[in-house]
$ cat upload-v1.csv   # CSV, C-alpha atoms
chain,number,residue,atom,x,y,z
Q,1,MET,CA,-16.5,19.6,-24.0
Q,2,ALA,CA,-18.0,18.5,-20.7
Q,3,GLU,CA,-16.9,20.5,-17.6
Q,4,THR,CA,-14.0,18.9,-15.6
Q,5,TYR,CA,-14.4,18.0,-11.9
Q,6,LYS,CA,-12.7,16.1,-9.2
Q,7,HIS,CA,-14.4,14.8,-6.0
Q,8,SER,CA,-12.1,12.8,-3.7
Q,9,TYR,CA,-11.8,11.5,-0.2
Q,10,LYS,CA,-8.7,10.2,1.7
Q,11,SER,CA,-9.0,8.1,4.8
Q,12,GLY,CA,-7.7,9.4,8.1
Q,13,GLU,CA,-5.9,7.4,10.7
Q,14,ILE,CA,-8.5,4.7,11.1
Q,15,LEU,CA,-7.4,1.8,8.9
Q,16,MET,CA,-8.4,-1.9,9.1
Q,17,THR,CA,-5.4,-4.2,9.2
Q,18,SER,CA,-6.7,-6.9,6.8
Q,19,LEU,CA,-8.2,-4.5,4.2
Q,20,SER,CA,-8.9,-0.8,4.3
Q,21,VAL,CA,-9.9,1.9,1.8
Q,22,TYR,CA,-7.1,4.4,1.5
Q,23,ASN,CA,-8.8,6.9,-0.9
Q,24,THR,CA,-11.8,7.1,-3.2
Q,25,GLY,CA,-13.3,9.5,-5.7
Q,26,TYR,CA,-14.5,10.6,-9.1
Q,27,GLN,CA,-12.8,12.7,-11.7
Q,28,ARG,CA,-13.5,14.0,-15.2
Q,29,CYS,CA,-10.1,15.0,-16.6
Q,30,GLU,CA,-9.1,17.8,-18.9
Q,31,ALA,CA,-7.6,16.9,-22.2
Q,32,GLY,CA,-4.1,15.3,-21.7
Q,33,TYR,CA,-4.4,15.3,-17.9
Q,34,GLN,CA,-1.6,13.0,-16.7
Q,35,TRP,CA,-0.6,11.3,-13.5
Q,36,GLY,CA,3.0,10.0,-13.3
Q,37,PRO,CA,5.3,8.5,-14.0
Q,38,GLY,CA,5.1,7.6,-10.4
Q,39,VAL,CA,4.7,4.9,-7.8
Q,40,ARG,CA,1.8,4.3,-5.3
Q,41,ASP,CA,2.3,2.5,-2.0
Q,42,HIS,CA,-1.2,0.9,-2.3
Q,43,TYR,CA,-3.5,-0.8,-4.8
Q,44,CYS,CA,-5.9,1.4,-6.7
Q,45,ILE,CA,-8.7,0.4,-9.1
Q,46,HIS,CA,-9.9,2.9,-11.7
Q,47,HIS,CA,-13.1,2.2,-13.6
Q,48,ILE,CA,-13.6,4.4,-16.7
Q,49,LEU,CA,-17.1,5.9,-16.8
Q,50,SER,CA,-16.7,7.8,-20.2
Q,51,GLY,CA,-14.1,8.9,-22.7
Q,52,THR,CA,-10.7,7.5,-23.5
Q,53,GLY,CA,-7.2,7.4,-22.0
Q,54,TYR,CA,-3.9,5.6,-21.9
Q,55,TYR,CA,-2.2,3.5,-19.3
Q,56,THR,CA,1.6,2.9,-19.3
Q,57,VAL,CA,3.5,0.3,-17.3
Q,58,GLY,CA,7.1,-0.1,-18.2
Q,59,GLU,CA,7.5,-0.2,-22.0
Q,60,LYS,CA,3.8,-1.1,-22.6
Q,61,THR,CA,1.0,1.4,-23.2
Q,62,TRP,CA,-2.7,0.4,-23.5
Q,63,LYS,CA,-5.5,2.5,-24.9
Q,64,LEU,CA,-8.6,2.2,-22.6
Q,65,GLU,CA,-12.1,3.4,-22.9
Q,66,ALA,CA,-15.5,3.6,-21.1
Q,67,GLY,CA,-16.3,0.3,-19.4
Q,68,ASP,CA,-12.7,-0.8,-18.9
Q,69,THR,CA,-11.1,-1.1,-15.5
Q,70,PHE,CA,-7.4,-0.8,-14.7
Q,71,ILE,CA,-5.4,-1.4,-11.5
Q,72,LEU,CA,-2.3,0.2,-10.0
Q,73,TYR,CA,0.0,-2.2,-8.1
Q,74,PRO,CA,2.0,-0.9,-5.1
Q,75,GLY,CA,5.6,-0.3,-5.9
Q,76,VAL,CA,5.1,-0.4,-9.7
Q,77,GLU,CA,5.9,2.7,-11.7
Q,78,VAL,CA,3.0,3.8,-13.9
Q,79,LYS,CA,1.7,6.7,-16.0
Q,80,TYR,CA,-1.8,7.3,-17.1
Q,81,TYR,CA,-3.3,10.2,-19.1
Q,82,ALA,CA,-6.5,11.4,-20.7
Q,83,ASP,CA,-7.0,11.4,-24.5
Q,84,GLN,CA,-6.7,14.9,-26.1
Q,85,GLN,CA,-10.0,14.5,-28.0
Q,86,GLU,CA,-12.2,12.5,-25.6
Q,87,PRO,CA,-10.6,12.8,-22.1
Q,88,TRP,CA,-11.8,10.2,-19.8
Q,89,GLU,CA,-13.9,10.3,-16.6
Q,90,TYR,CA,-13.3,7.6,-14.0
Q,91,ALA,CA,-14.1,6.5,-10.5
Q,92,TRP,CA,-11.5,5.0,-8.2
Q,93,ALA,CA,-10.8,3.3,-4.9
Q,94,GLY,CA,-7.4,2.9,-3.4
Q,95,PHE,CA,-6.8,0.2,-0.7
Q,96,MET,CA,-4.2,-1.6,1.3
Q,97,GLY,CA,-4.0,-4.3,3.9
Q,98,THR,CA,-2.7,-7.9,4.5
Q,99,ASP,CA,-5.6,-9.4,2.5
Q,100,ALA,CA,-5.1,-7.1,-0.5
Q,101,ALA,CA,-2.4,-9.1,-2.4
Q,102,SER,CA,-4.1,-12.5,-2.0
Q,103,ILE,CA,-7.5,-11.1,-3.1
Q,104,ILE,CA,-6.1,-9.4,-6.2
Q,105,ARG,CA,-4.3,-12.7,-7.2
Q,106,ASN,CA,-7.7,-14.3,-7.3
Q,107,THR,CA,-9.1,-11.8,-9.7
Q,108,GLY,CA,-8.7,-11.3,-13.5
Q,109,PHE,CA,-6.0,-8.6,-13.0
Q,110,LEU,CA,-2.4,-9.6,-13.8
Q,111,LYS,CA,0.7,-7.5,-13.5
Q,112,GLU,CA,1.5,-8.1,-17.1
Q,113,ARG,CA,-2.1,-7.2,-18.1
Q,114,PRO,CA,-3.3,-4.8,-15.3
Q,115,PHE,CA,-6.7,-4.1,-16.7
Q,116,LEU,CA,-10.1,-5.8,-17.6
Q,117,LYS,CA,-11.9,-4.9,-20.8
Q,118,ARG,CA,-15.5,-3.9,-20.8
Q,119,GLY,CA,-18.1,-6.6,-20.9
Q,120,ASN,CA,-16.1,-9.1,-18.8
Q,121,VAL,CA,-17.5,-7.8,-15.5
Q,122,PRO,CA,-20.9,-6.2,-15.5
Q,123,ASP,CA,-20.4,-2.4,-15.7
Q,124,ASP,CA,-23.3,-1.6,-13.3
Q,125,GLN,CA,-21.8,-3.8,-10.6
Q,126,ILE,CA,-18.5,-2.0,-10.7
Q,127,ARG,CA,-20.1,1.4,-10.8
Q,128,ASN,CA,-22.4,0.5,-7.9
Q,129,GLY,CA,-19.5,-0.9,-5.8
Q,130,LEU,CA,-17.4,2.2,-6.2
Q,131,GLU,CA,-20.4,4.4,-5.5
Q,132,GLN,CA,-21.1,2.5,-2.2
Q,133,ILE,CA,-17.5,2.9,-1.1
Q,134,TYR,CA,-17.6,6.7,-1.8
Q,135,ASN,CA,-21.0,7.2,-0.2
Q,136,ALA,CA,-19.8,5.4,3.0
Q,137,LYS,CA,-16.8,7.8,3.4
Q,138,GLY,CA,-16.1,9.4,6.8
Q,139,ASN,CA,-13.5,9.8,9.5
Q,140,GLY,CA,-15.1,7.7,12.1
Q,141,TYR,CA,-14.6,4.0,12.9
Q,142,GLU,CA,-18.1,3.1,11.8
Q,143,GLU,CA,-17.5,4.7,8.4
Q,144,ALA,CA,-14.1,2.9,8.0
Q,145,VAL,CA,-15.8,-0.4,8.6
Q,146,ALA,CA,-18.6,0.4,6.1
Q,147,MET,CA,-16.1,1.4,3.5
Q,148,THR,CA,-14.1,-1.8,4.0
Q,149,GLY,CA,-17.3,-3.9,3.8
Q,150,ALA,CA,-18.2,-2.2,0.5
Q,151,LEU,CA,-14.7,-2.8,-0.8
Q,152,TYR,CA,-14.9,-6.5,0.0
Q,153,SER,CA,-18.1,-6.6,-2.0
Q,154,LEU,CA,-16.6,-4.8,-5.0
Q,155,LEU,CA,-13.5,-7.1,-5.0
Q,156,SER,CA,-15.7,-10.2,-4.9
Q,157,VAL,CA,-17.2,-9.0,-8.2
Q,158,PHE,CA,-13.8,-9.2,-9.8
Q,159,MET,CA,-13.1,-12.6,-8.1
Q,160,HIS,CA,-15.9,-14.1,-10.2
Q,161,TYR,CA,-14.2,-12.9,-13.4
Q,162,HIS,CA,-12.8,-15.6,-15.7
Q,163,GLU,CA,-11.2,-15.2,-19.1
Q,164,GLY,CA,-10.5,-18.7,-20.3
Q,165,GLU,CA,-7.0,-19.4,-21.3
Q,166,ASP,CA,-5.8,-15.9,-20.6
Q,167,GLN,CA,-6.7,-16.5,-16.9
Q,168,GLU,CA,-4.4,-19.5,-16.6
Q,169,ARG,CA,-1.1,-18.8,-14.9
Q,170,ASP,CA,1.8,-21.0,-15.2
Q,171,ALA,CA,3.9,-22.1,-12.2
Q,172,LYS,CA,6.6,-19.6,-12.7
Q,173,LEU,CA,4.2,-16.7,-12.5
Q,174,LEU,CA,2.6,-18.0,-9.4
Q,175,TYR,CA,6.1,-18.4,-7.8
Q,176,VAL,CA,6.9,-14.7,-8.7
Q,177,GLU,CA,3.6,-13.4,-7.3
Q,178,LYS,CA,4.0,-15.4,-4.0
Q,179,ALA,CA,7.6,-14.0,-3.7
Q,180,GLU,CA,6.3,-10.4,-4.4
Q,181,ASN,CA,3.7,-10.8,-1.6
Q,182,TYR,CA,6.4,-12.0,0.8
Q,183,ILE,CA,8.7,-9.1,-0.1
Q,184,GLU,CA,5.9,-6.5,0.3
Q,185,THR,CA,5.2,-7.9,3.8
Q,186,ASN,CA,8.7,-8.5,5.0
Q,187,TYR,CA,11.0,-6.0,3.2
Q,188,SER,CA,11.7,-4.1,6.4
Q,189,TYR,CA,13.3,-7.2,8.0
Q,190,PRO,CA,16.8,-8.5,7.0
Q,191,VAL,CA,15.3,-11.1,4.7
Q,192,THR,CA,17.5,-12.8,2.0
Q,193,VAL,CA,16.8,-14.4,-1.3
Q,194,GLU,CA,17.1,-17.8,0.5
Q,195,ASP,CA,14.3,-16.8,2.8
Q,196,ILE,CA,12.1,-15.8,-0.1
Q,197,ALA,CA,12.9,-19.1,-1.9
Q,198,ASP,CA,12.1,-21.1,1.2
Q,199,TYR,CA,8.8,-19.3,1.6
Q,200,VAL,CA,7.8,-19.9,-2.0
Q,201,GLY,CA,8.9,-23.5,-1.7
Q,202,ILE,CA,11.4,-23.7,-4.5
Q,203,SER,CA,15.2,-23.6,-4.9
Q,204,ARG,CA,17.0,-20.3,-5.3
Q,205,SER,CA,18.0,-21.1,-8.9
Q,206,HIS,CA,14.4,-21.9,-9.8
Q,207,LEU,CA,13.2,-18.6,-8.2
Q,208,PHE,CA,15.9,-16.8,-10.2
Q,209,ARG,CA,14.7,-18.2,-13.5
Q,210,SER,CA,11.1,-17.4,-12.6
Q,211,PHE,CA,12.0,-13.7,-11.9
Q,212,GLN,CA,14.1,-13.5,-15.1
Q,213,THR,CA,11.1,-14.7,-17.1
Q,214,TYR,CA,8.5,-12.4,-15.7
Q,215,MET,CA,10.3,-9.5,-14.1
Q,216,ASN,CA,13.5,-9.3,-16.3
Q,217,CYS,CA,15.6,-9.0,-13.1
Q,218,SER,CA,16.9,-11.2,-10.3
Q,219,PRO,CA,15.0,-11.7,-7.0
Q,220,LYS,CA,17.9,-9.8,-5.2
Q,221,GLU,CA,17.5,-6.9,-7.6
Q,222,TYR,CA,13.8,-6.8,-7.1
Q,223,LEU,CA,14.1,-6.9,-3.3
Q,224,THR,CA,16.7,-4.1,-3.4
Q,225,GLU,CA,14.7,-1.9,-5.7
Q,226,TYR,CA,11.5,-2.4,-3.6
Q,227,ARG,CA,13.4,-1.4,-0.5
Q,228,ILE,CA,14.8,1.7,-2.2
Q,229,GLN,CA,11.3,2.7,-3.3
Q,230,GLN,CA,10.1,2.5,0.3
Q,231,ALA,CA,13.2,4.5,1.4
Q,232,CYS,CA,12.3,7.2,-1.2
Q,233,ARG,CA,8.9,7.5,0.4
Q,234,LEU,CA,10.3,7.9,3.9
Q,235,LEU,CA,12.9,10.4,2.7
Q,236,LYS,CA,10.1,12.6,1.2
Q,237,GLU,CA,7.5,12.1,3.9
Q,238,THR,CA,9.4,11.9,7.2
Q,239,GLY,CA,12.2,13.5,9.1
Q,240,LEU,CA,13.9,10.2,10.0
Q,241,SER,CA,17.6,10.1,9.7
Q,242,VAL,CA,19.2,8.3,6.8
Q,243,SER,CA,20.5,5.6,9.1
Q,244,ALA,CA,17.0,5.1,10.6
Q,245,ILE,CA,15.5,4.8,7.2
Q,246,ALA,CA,18.1,2.3,6.2
Q,247,TYR,CA,17.1,0.1,9.1
Q,248,SER,CA,13.4,0.7,8.5
Q,249,VAL,CA,13.6,-0.7,5.0
Q,250,GLY,CA,15.8,-3.8,5.8
Q,251,PHE,CA,19.4,-2.6,5.4
Q,252,GLU,CA,21.5,-3.4,8.5
Q,253,ASN,CA,24.5,-1.5,7.1
Q,254,ASN,CA,24.1,2.2,6.5
Q,255,LEU,CA,27.0,2.3,4.0
Q,256,TYR,CA,25.7,-0.5,2.0
Q,257,PHE,CA,22.3,1.2,1.9
Q,258,SER,CA,23.8,4.5,0.6
Q,259,LYS,CA,25.7,2.6,-2.1
Q,260,ALA,CA,22.6,0.6,-3.1
Q,261,PHE,CA,20.5,3.8,-3.1
Q,262,ARG,CA,23.0,5.6,-5.4
Q,263,LYS,CA,23.1,2.7,-7.8
Q,264,VAL,CA,19.3,2.7,-8.2
Q,265,LYS,CA,18.5,6.4,-8.0
Q,266,LYS,CA,21.9,7.9,-9.3
Q,267,THR,CA,22.1,10.2,-6.2
Q,268,SER,CA,22.7,9.9,-2.5
Q,269,PRO,CA,19.8,9.6,0.0
Q,270,THR,CA,20.6,13.0,1.4
Q,271,GLU,CA,20.7,14.7,-2.0
Q,272,TYR,CA,17.4,13.0,-2.9
Q,273,ARG,CA,15.8,14.3,0.2
Q,274,GLU,CA,17.1,17.9,-0.4
Q,275,LYS,CA,15.9,17.8,-4.0
Q,276,HIS,CA,12.3,16.9,-3.0
Q,277,ARG,CA,12.3,19.3,0.0
Q,278,LYS,CA,13.1,22.2,-2.4
Q,279,LYS,CA,10.2,21.1,-4.6
Q,280,LYS,CA,7.8,21.6,-1.7
Q,281,GLU,CA,9.1,25.1,-0.9
$ encode --input "upload-v1.csv" --output "C-alpha cells"
Amino acid sequence: MAETYKHSYKSGEILMTSLSVYNTGYQRCEAGYQWGPGVRDHYCIHHILSGTGYYTVGEKTWKLEAGDTFILYPGVEVKYYADQQEPWEYAWAGFMGTDAASIIRNTGFLKERPFLKRGNVPDDQIRNGLEQIYNAKGNGYEEAVAMTGALYSLLSVFMHYHEGEDQERDAKLLYVEKAENYIETNYSYPVTVEDIADYVGISRSHLFRSFQTYMNCSPKEYLTEYRIQQACRLLKETGLSVSAIAYSVGFENNLYFSKAFRKVKKTSPTEYREKHRKKKE
C-alpha cells in the first residue's frame, strides 16, 4: 500500500473580502481515515486523485473515486472517509467570501448532489487549478492575491460545467438557495422570516413550502439552527460571554437564545463550552 502523507496550508489574517482561500493541500489517507461528522464554516472542494472513499450528507452516502470532485458547504454537517481496500488521495481548497455562494450556485454542484463525477470536467484542469492555488501559498498580501486569482480561475472551470436535465433547477430550489445566501450573510442581525421572504421576493407561505420540499424544515427552523451552529463555533473558539455570543448570532434575548440552544443541542451553552474545553485539555 502506498505511503500516506498530508501537506496542507492554512491562510493567515490576510483574507480578501469577496473571495479568499482559507486552506489548501494534498493528502493520501490511511485505510478508513475519516473526517466528521462535523461542520465547516467555509466551502471546500476536494478532487480525488486516486483511490476510493465515501461522502455522507444527512442520510445519503455516495461512493466516490479517482476523478470525482466533491464540495463541502458551510454549515452543513458531513462525514467523509477513505475506503479500507483502496484509500483515496485527494487535493483540496477551502474558501470563503461574499462572492463564494453566488459562484457555487452557477456551477454543477448542488446541495442535494454535492459532487461531480469524473469526465464532466477535465481532470487535468482541476488538478492544475488546485496545484496553482497550493503553489501560490504564503502569508503575504501578494500571495493572498495570487491564491485568490488562482481560485477564481479554478471555479470558472466548474462554471462551464453543464449536465443537461440534472442541471436544471426548479423555482423552489432557487428560492431556497437565495434564502440560504441571505441567512449566511445576515444571520448575525435580528432578521425574521418575513425579511427573508421579502429578499427572495415571495410570500412567507411560499417560502415555507419551498423549504419543506428541499430542506425538510421551515425557514425559521433553518435560521435558528444556522445561528446555533455559529454560536457553537464561538463557544469553542472564543472567550466571549454567552450573552455576547447570543447577540453576535442574532438573538436579542439571552434567555430565548439559551432555550433555543438547548432545544437544538440538548445542553446549555455553558455546558457545551465546558465539554469542549475539557476535550482540549
$ closest_atom_pairs --input "upload-v1.csv" --of "segment 108-132 of chain Q" --to "segment 41-49 of chain Q" --cutoff "10 Å" --atoms "only C-alpha atoms" --output "Markdown table"
| residue | atom | partner | partner_atom | distance |
| --- | --- | --- | --- | --- |
| Q:Pro114 | CA | Q:Ile45 | CA | 9.7 |
| Q:Phe115 | CA | Q:Ile45 | CA | 9.1 |
| Q:Leu116 | CA | Q:His47 | CA | 9.4 |
| Q:Arg118 | CA | Q:Ile48 | CA | 9.5 |
| Q:Asp123 | CA | Q:His47 | CA | 8.9 |
| Q:Ile126 | CA | Q:His47 | CA | 7.4 |
| Q:Arg127 | CA | Q:His47 | CA | 7.6 |
| Q:Leu130 | CA | Q:His47 | CA | 8.6 |
$ residues_around --input "upload-v1.csv" --residues "Thr52 of chain Q" --least-positions-apart "2" --cutoff "7 Å" --atoms "all atoms listed in the file" --output "ChimeraX atom specification"
/Q:50,64-66,82-83,86-88
$ write_last_selection --input "upload-v1.csv" --atoms "C-alpha atoms" --output "CSV table (one decimal), keeping the file's coordinate frame"
chain,number,residue,atom,x,y,z
Q,50,SER,CA,-16.7,7.8,-20.2
Q,64,LEU,CA,-8.6,2.2,-22.6
Q,65,GLU,CA,-12.1,3.4,-22.9
Q,66,ALA,CA,-15.5,3.6,-21.1
Q,82,ALA,CA,-6.5,11.4,-20.7
Q,83,ASP,CA,-7.0,11.4,-24.5
Q,86,GLU,CA,-12.2,12.5,-25.6
Q,87,PRO,CA,-10.6,12.8,-22.1
Q,88,TRP,CA,-11.8,10.2,-19.8
$ atom_distance --input "upload-v1.csv" --atom1 "atom CA of Ala179 of chain Q" --atom2 "atom CA of Val200 of chain Q"
6.1 Å
$ closest_residue --input "upload-v1.csv" --among "Q:Tyr272, Q:Val176, Q:Ile103, Q:Thr56" --to "Thr213 of chain Q" --atoms "only C-alpha atoms"
Q:Val176
$ atom_distance --input "upload-v1.csv" --atom1 "atom CA of Lys266 of chain Q" --atom2 "atom CA of Arg209 of chain Q"
27.4 Å
$ atom_distance --input "upload-v1.csv" --atom1 "atom CA of Ala150 of chain Q" --atom2 "atom CA of Ser102 of chain Q"
17.6 Å
$ closest_residue --input "upload-v1.csv" --among "Q:Glu225, Q:Val157, Q:Leu110, Q:Val242" --to "Asp124 of chain Q" --atoms "all atoms listed in the file"
Q:Val157
$ closest_residue --input "upload-v1.csv" --among "Q:Met215, Q:Leu154, Q:Ala144, Q:Val57" --to "Asn128 of chain Q" --atoms "only C-alpha atoms"
Q:Leu154
$ residues_around --input "upload-v1.csv" --residues "Gly36 of chain Q" --least-positions-apart "6" --cutoff "9 Å" --atoms "all atoms listed in the file" --output "JSON, numbers by chain"
{"Q": [77, 78, 79, 80, 81]}
$ closest_residue --input "upload-v1.csv" --among "Q:Tyr141, Q:Tyr73, Q:Tyr9, Q:Tyr152" --to "Ala91 of chain Q" --atoms "all atoms listed in the file"
Q:Tyr9
$ residues_around --input "upload-v1.csv" --residues "Ser18 of chain Q" --least-positions-apart "4" --cutoff "9 Å" --atoms "only C-alpha atoms" --output "JSON, numbers by chain"
{"Q": [96, 97, 98, 99, 100]}
$ write_last_selection --input "upload-v1.csv" --atoms "C-alpha atoms" --output "mmCIF file, in the frame of the given file"
data_model
loop_
_atom_site.group_PDB
_atom_site.id
_atom_site.type_symbol
_atom_site.label_atom_id
_atom_site.label_comp_id
_atom_site.auth_asym_id
_atom_site.auth_seq_id
_atom_site.Cartn_x
_atom_site.Cartn_y
_atom_site.Cartn_z
ATOM 1 C CA MET Q 96 -4.200 -1.600 1.300
ATOM 2 C CA GLY Q 97 -4.000 -4.300 3.900
ATOM 3 C CA THR Q 98 -2.700 -7.900 4.500
ATOM 4 C CA ASP Q 99 -5.600 -9.400 2.500
ATOM 5 C CA ALA Q 100 -5.100 -7.100 -0.500
#
$ closest_atom_pairs --input "upload-v1.csv" --of "segment 108-180 of chain Q" --to "segment 22-28 of chain Q" --cutoff "12 Å" --atoms "all atoms listed in the file" --output "JSON lines"
{"residue": "Q:Arg127", "atom": "CA", "partner": "Q:Tyr26", "partner_atom": "CA", "distance": 10.9}
{"residue": "Q:Gly129", "atom": "CA", "partner": "Q:Thr24", "partner_atom": "CA", "distance": 11.4}
{"residue": "Q:Leu130", "atom": "CA", "partner": "Q:Thr24", "partner_atom": "CA", "distance": 8.0}
{"residue": "Q:Glu131", "atom": "CA", "partner": "Q:Gly25", "partner_atom": "CA", "distance": 8.7}
{"residue": "Q:Gln132", "atom": "CA", "partner": "Q:Thr24", "partner_atom": "CA", "distance": 10.4}
{"residue": "Q:Ile133", "atom": "CA", "partner": "Q:Thr24", "partner_atom": "CA", "distance": 7.4}
{"residue": "Q:Tyr134", "atom": "CA", "partner": "Q:Thr24", "partner_atom": "CA", "distance": 6.0}
{"residue": "Q:Asn135", "atom": "CA", "partner": "Q:Thr24", "partner_atom": "CA", "distance": 9.7}
{"residue": "Q:Ala136", "atom": "CA", "partner": "Q:Thr24", "partner_atom": "CA", "distance": 10.3}
{"residue": "Q:Lys137", "atom": "CA", "partner": "Q:Thr24", "partner_atom": "CA", "distance": 8.3}
{"residue": "Q:Gly138", "atom": "CA", "partner": "Q:Asn23", "partner_atom": "CA", "distance": 10.9}
{"residue": "Q:Asn139", "atom": "CA", "partner": "Q:Tyr22", "partner_atom": "CA", "distance": 11.6}
{"residue": "Q:Ala144", "atom": "CA", "partner": "Q:Tyr22", "partner_atom": "CA", "distance": 9.7}
{"residue": "Q:Met147", "atom": "CA", "partner": "Q:Tyr22", "partner_atom": "CA", "distance": 9.7}
{"residue": "Q:Thr148", "atom": "CA", "partner": "Q:Tyr22", "partner_atom": "CA", "distance": 9.7}
{"residue": "Q:Ala150", "atom": "CA", "partner": "Q:Thr24", "partner_atom": "CA", "distance": 11.9}
{"residue": "Q:Leu151", "atom": "CA", "partner": "Q:Thr24", "partner_atom": "CA", "distance": 10.6}
$ write_last_selection --input "upload-v1.csv" --atoms "C-alpha atoms" --output "PDB file, keeping the file's coordinate frame"
ATOM      1  CA  ARG Q 127     -20.100   1.400 -10.800  1.00  0.00           C
ATOM      2  CA  GLY Q 129     -19.500  -0.900  -5.800  1.00  0.00           C
ATOM      3  CA  LEU Q 130     -17.400   2.200  -6.200  1.00  0.00           C
ATOM      4  CA  GLU Q 131     -20.400   4.400  -5.500  1.00  0.00           C
ATOM      5  CA  GLN Q 132     -21.100   2.500  -2.200  1.00  0.00           C
ATOM      6  CA  ILE Q 133     -17.500   2.900  -1.100  1.00  0.00           C
ATOM      7  CA  TYR Q 134     -17.600   6.700  -1.800  1.00  0.00           C
ATOM      8  CA  ASN Q 135     -21.000   7.200  -0.200  1.00  0.00           C
ATOM      9  CA  ALA Q 136     -19.800   5.400   3.000  1.00  0.00           C
ATOM     10  CA  LYS Q 137     -16.800   7.800   3.400  1.00  0.00           C
ATOM     11  CA  GLY Q 138     -16.100   9.400   6.800  1.00  0.00           C
ATOM     12  CA  ASN Q 139     -13.500   9.800   9.500  1.00  0.00           C
ATOM     13  CA  ALA Q 144     -14.100   2.900   8.000  1.00  0.00           C
ATOM     14  CA  MET Q 147     -16.100   1.400   3.500  1.00  0.00           C
ATOM     15  CA  THR Q 148     -14.100  -1.800   4.000  1.00  0.00           C
ATOM     16  CA  ALA Q 150     -18.200  -2.200   0.500  1.00  0.00           C
ATOM     17  CA  LEU Q 151     -14.700  -2.800  -0.800  1.00  0.00           C
TER      18      LEU Q 151
END
$ closest_residue --input "upload-v1.csv" --among "Q:Gly58, Q:Phe109, Q:Tyr189, Q:Gly32" --to "Asn216 of chain Q" --atoms "all atoms listed in the file"
Q:Gly58
